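Report on one structure; see the data block that follows.
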Amino acid sequence: MRIRDWVVLSGNANRPLAAKICERLNKPLGKVEVRRFSDGETFVEIGENVRGRDVYIIQSTCGPVNDTLMELLVMIDALKRASAKEINAVMPYYGYARQDRKVAPRTPISAKLVADLLTAAGATRIVSMDLHAAQIQGFFNIPFDNLYSSPVLHDYIQKEIQADGQLVIVSPDTGGVERARAYAKRLNNAAVAMIDKRRTGPNVAKAMNIVGDVQGKVAVILDDMIDTAGTLTEAAHAVLEHGAIKVYAVATHGVFSGPAIERITSARIEKVIVTDTIPLAPAAAQCEKIAQLSVAKLLAEAIQRIHNYDSVSSLFI
């Protein structure tokens with residue numbers, strides 16, 4: 001009889017991150033084959049004996065989001081039918097997180113739908129990182145651990161961004177002010193500013209005003225994700241117009257869809273720092289302005305603590 005035996009598997013979304021996590025855990029990445037039939041259907045075959053074992057699936061539901069989400073659901077179903085004891089879905093990036101509430105009378109709450117799908121498929125725990133909306137945890141009736149990339153990003157800001165005491169953490173909208181304050185407190189009580197942003201449509205934002213003083217300061221625009229970079233470039237322009245001397249951008253998830261790379265390249269931004277919750281597309285990897293940090297150590301430590309029934313929240317104290 002196996003006692004607390006476990007295995008780590010990965011879908012196709014972010015195998016490099018899964019390999020780094022396994023290296024930290026000193027465990028081999030389990031064998032799994034994920035392929036598609038000619039009509040686009042997803043097929044999964046688990047190459048490990050998982051009966052009675054705890055399984056951790058590393059799979060960001062990043063672009064193409066519907067494909068990666070379906071991969072995860074089919075993997076979970078395969079594991080459930082193979083009698084896995086616990087099925088832990090480790091989703092460094094949770095797709096559909098921005099659809100967390102009704103924005104009009106006849107619109108979906110897709111983040112809740114994804115939660116229902118994961119639970120119905122057979123997941124027994126979800127692990128994610130820097131959810132776009134923290135209330136998504138409440139969409140689940142199974143344990144949910146929302147991790148933070150802040151230890152990795154804090155270190156970069158402290159060591160690599162030279163501000164000579166003139167650092168200001170800028171939130172690109174009202175929703176991110178609490179995050180900006182938390183970062184500023186740990187960065188020697190740096191100043192905090194906020195951009196009054198008016199959104200005119202999906203992926204379209206217009207920066208209107210700055211709340212706070214950025215004159216003569218080195219600004220770090222802090223967000224949970226960068227998608228088309230419209231919000232970011234508007235924010236950078238507004239901050240520079242109000243007297244900032246340099247602008248950096250820091251985010252957990254580098255989605256970089258549509259015109260993002262072109263916008264970042266042409267904007268007056270010194271550096272854009274993201275983590276590897278989402279793998280960089282070739283254009284993003286080749287962009288000199290983009291730097292990627294790894295959260296493999298944090299995720300590996302969280303997985304180890306979950307498996308040993310230790311505290312996960314103490315990782316961030």
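For the structure tokens, the naming scheme is as follows: chains receive sequential letters (A, B, ...) according to their order of presentation, residues are indexed from 1 within each chain, and ligands are indexed from 1 in presentation order.
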List every residue of range 224-274 of chain A that DSSP, applied to the backbone of this structure, places in alpha helix (DSSP H), and write the result as a compact mmCIF listing (two decimals) with all heavy atoms, in the first residue's frame.
# COMPACT_ATOMS: atom_id res chain seq x y z
N GLY A 230 -2.56 48.00 -23.90
CA GLY A 230 -3.20 49.30 -24.08
C GLY A 230 -3.24 50.09 -22.78
O GLY A 230 -2.87 51.27 -22.74
N THR A 231 -3.67 49.43 -21.71
CA THR A 231 -3.69 50.08 -20.40
C THR A 231 -2.29 50.51 -19.99
O THR A 231 -2.08 51.64 -19.51
CB THR A 231 -4.26 49.12 -19.34
OG1 THR A 231 -5.64 48.87 -19.62
CG2 THR A 231 -4.15 49.70 -17.94
N LEU A 232 -1.32 49.64 -20.19
CA LEU A 232 0.05 49.92 -19.78
C LEU A 232 0.63 51.14 -20.51
O LEU A 232 1.20 52.04 -19.88
CB LEU A 232 0.93 48.70 -20.04
CG LEU A 232 2.44 48.90 -19.86
CD1 LEU A 232 2.76 49.32 -18.44
CD2 LEU A 232 3.18 47.62 -20.23
N THR A 233 0.50 51.18 -21.81
CA THR A 233 1.10 52.27 -22.56
C THR A 233 0.39 53.60 -22.29
O THR A 233 1.04 54.65 -22.24
CB THR A 233 1.11 51.95 -24.07
OG1 THR A 233 -0.19 51.55 -24.50
CG2 THR A 233 2.10 50.83 -24.37
N GLU A 234 -0.92 53.56 -22.12
CA GLU A 234 -1.65 54.77 -21.73
C GLU A 234 -1.18 55.26 -20.36
O GLU A 234 -0.98 56.45 -20.14
CB GLU A 234 -3.16 54.50 -21.71
CG GLU A 234 -3.80 54.39 -23.06
CD GLU A 234 -4.01 55.74 -23.73
OE1 GLU A 234 -3.78 56.77 -23.06
OE2 GLU A 234 -4.40 55.76 -24.90
N ALA A 235 -1.02 54.31 -19.44
CA ALA A 235 -0.57 54.67 -18.09
C ALA A 235 0.84 55.24 -18.13
O ALA A 235 1.13 56.25 -17.46
CB ALA A 235 -0.61 53.43 -17.19
N ALA A 236 1.74 54.63 -18.89
CA ALA A 236 3.11 55.14 -18.99
C ALA A 236 3.13 56.55 -19.55
O ALA A 236 3.87 57.42 -19.06
CB ALA A 236 3.93 54.20 -19.88
N HIS A 237 2.32 56.78 -20.58
CA HIS A 237 2.25 58.12 -21.18
C HIS A 237 1.76 59.15 -20.16
O HIS A 237 2.33 60.24 -20.02
CB HIS A 237 1.33 58.10 -22.40
CG HIS A 237 1.13 59.43 -23.04
ND1 HIS A 237 2.10 60.04 -23.82
CD2 HIS A 237 0.08 60.30 -23.00
CE1 HIS A 237 1.67 61.21 -24.24
NE2 HIS A 237 0.44 61.39 -23.76
N ALA A 238 0.71 58.78 -19.42
CA ALA A 238 0.15 59.70 -18.43
C ALA A 238 1.16 60.02 -17.33
O ALA A 238 1.31 61.18 -16.91
CB ALA A 238 -1.12 59.10 -17.83
N VAL A 239 1.88 59.00 -16.85
CA VAL A 239 2.85 59.19 -15.78
C VAL A 239 4.00 60.08 -16.24
O VAL A 239 4.45 60.99 -15.52
CB VAL A 239 3.37 57.82 -15.29
CG1 VAL A 239 4.60 57.97 -14.41
CG2 VAL A 239 2.28 57.08 -14.52
N LEU A 240 4.49 59.87 -17.45
CA LEU A 240 5.57 60.70 -17.99
C LEU A 240 5.10 62.14 -18.21
O LEU A 240 5.85 63.09 -17.98
CB LEU A 240 6.09 60.10 -19.29
CG LEU A 240 6.89 58.80 -19.14
CD1 LEU A 240 7.04 58.09 -20.48
CD2 LEU A 240 8.27 59.09 -18.53
N GLU A 241 3.86 62.30 -18.67
CA GLU A 241 3.30 63.63 -18.87
C GLU A 241 3.22 64.41 -17.56
O GLU A 241 3.27 65.64 -17.55
CB GLU A 241 1.91 63.52 -19.49
CG GLU A 241 1.89 63.17 -20.96
CD GLU A 241 2.35 64.32 -21.84
OE1 GLU A 241 1.71 65.38 -21.80
OE2 GLU A 241 3.35 64.15 -22.56
N ALA A 260 0.36 43.98 -28.51
CA ALA A 260 1.09 44.25 -27.27
C ALA A 260 2.57 44.53 -27.49
O ALA A 260 3.11 45.53 -26.99
CB ALA A 260 0.92 43.09 -26.29
N ILE A 261 3.26 43.68 -28.24
CA ILE A 261 4.71 43.83 -28.40
C ILE A 261 5.03 45.11 -29.16
O ILE A 261 5.97 45.84 -28.81
CB ILE A 261 5.30 42.60 -29.13
CG1 ILE A 261 4.94 41.31 -28.38
CG2 ILE A 261 6.81 42.74 -29.27
CD1 ILE A 261 5.34 41.29 -26.93
N GLU A 262 4.27 45.41 -30.19
CA GLU A 262 4.47 46.65 -30.95
C GLU A 262 4.28 47.87 -30.05
O GLU A 262 5.07 48.82 -30.11
CB GLU A 262 3.49 46.69 -32.12
CG GLU A 262 3.62 47.92 -33.01
CD GLU A 262 2.59 47.95 -34.12
OE1 GLU A 262 2.03 46.87 -34.44
OE2 GLU A 262 2.33 49.05 -34.65
N ARG A 263 3.26 47.84 -29.21
CA ARG A 263 3.00 48.97 -28.31
C ARG A 263 4.12 49.13 -27.29
O ARG A 263 4.57 50.25 -27.01
CB ARG A 263 1.67 48.76 -27.59
CG ARG A 263 0.45 48.99 -28.45
CD ARG A 263 -0.83 48.58 -27.74
NE ARG A 263 -2.01 49.00 -28.48
CZ ARG A 263 -3.25 48.66 -28.17
NH1 ARG A 263 -3.47 47.86 -27.11
NH2 ARG A 263 -4.27 49.09 -28.89
N ILE A 264 4.58 48.02 -26.72
CA ILE A 264 5.65 48.08 -25.72
C ILE A 264 6.95 48.59 -26.35
O ILE A 264 7.66 49.41 -25.77
CB ILE A 264 5.86 46.70 -25.07
CG1 ILE A 264 4.67 46.37 -24.16
CG2 ILE A 264 7.16 46.65 -24.28
CD1 ILE A 264 4.63 44.93 -23.69
N THR A 265 7.24 48.11 -27.55
CA THR A 265 8.47 48.52 -28.24
C THR A 265 8.49 50.01 -28.51
O THR A 265 9.54 50.67 -28.37
CB THR A 265 8.61 47.73 -29.56
OG1 THR A 265 8.63 46.33 -29.29
CG2 THR A 265 9.89 48.11 -30.29
N SER A 266 7.35 50.57 -28.89
CA SER A 266 7.30 51.99 -29.25
C SER A 266 7.07 52.92 -28.06
O SER A 266 7.24 54.13 -28.18
CB SER A 266 6.21 52.22 -30.30
OG SER A 266 4.94 51.83 -29.81
Write out as an MDAnalysis selection string which residues come within 9 Å of Thr277 in chain A when counting only C-alpha atoms, dropping same-chain ones fewer than 3 positions away.
chainID A and resid 14 17 60 62 91:93 129 252:254 274 294:296
Check the DSSP output for the backbone and give back, as number ranges by chain, the residues of range 69-213 of chain A in strand (DSSP E).
A: 86-91, 125-129, 144-147, 167-171, 191-201, 204-211
Between A:Val127, A:Val7, A:Ile109, A:Ile317, single out the one closest to Ala84 in chain A, counting only C-alpha atoms.
A:Val7
Skipping near chain neighbours, those fewer than 6 positions away, what residues fall within 12 Å of Gly176 in chain A using only C-alpha atoms, listed as number ranges by chain?
A: 130-134, 169-170, 182-183, 192-197, 221-225, 251
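Straight-line separation from CA of Ile278 in chain A to CA of Lys27 in chain A: 21.9 Å.
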Among the residues A:Arg35, A:Arg101, A:Lys85, A:Lys246, the one that comes closest to Gly122 in chain A [using only C-alpha atoms]:
A:Lys85
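Residue nearest Leu118 in chain A, chosen from A:Ile142, A:Ala163, A:Ala219, A:Leu9 and counting only C-alpha atoms: A:Ile142.
Candidate residues A:Asp173, A:Asp276, A:Asp155, A:Glu270 were compared for distance to Ile21 in chain A, and the nearest is A:Asp276, using only C-alpha atoms.
Across the model, the gap from CA of Ala284 in chain A to CA of Ser38 in chain A is 29.5 Å.
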Of A:Ala281, A:Val272, A:Ala104, A:Ala121, the one sitting nearest Leu79 in chain A when using only C-alpha atoms is A:Ala121
Excluding range 297-313 of chain A and any residue of its chain fewer than 4 positions from it, enumerate the residues within 8 Å of it, using only C-alpha atoms, and give them as a PyMOL selection string.
chain A and resi 4+21-22+24-25+56+145+149+317
Close residues, Ile126 in chain A itself excluded, 7 Å, only C-alpha atoms, min 6 positions apart in chain, as a ChimeraX atom specification
/A:88-90,143-145
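Residues in contact with Phe139 in chain A at up to 8 Å, not including ones fewer than 6 positions away on its chain and judged by only C-alpha atoms, are Lys112, Ala115 and Asp116 of chain A.
Using only C-alpha atoms, the shortest contact distance between Val218 in chain A and any of A:Val74, A:Val177, A:Ile245, A:Val34 is found at A:Ile245.
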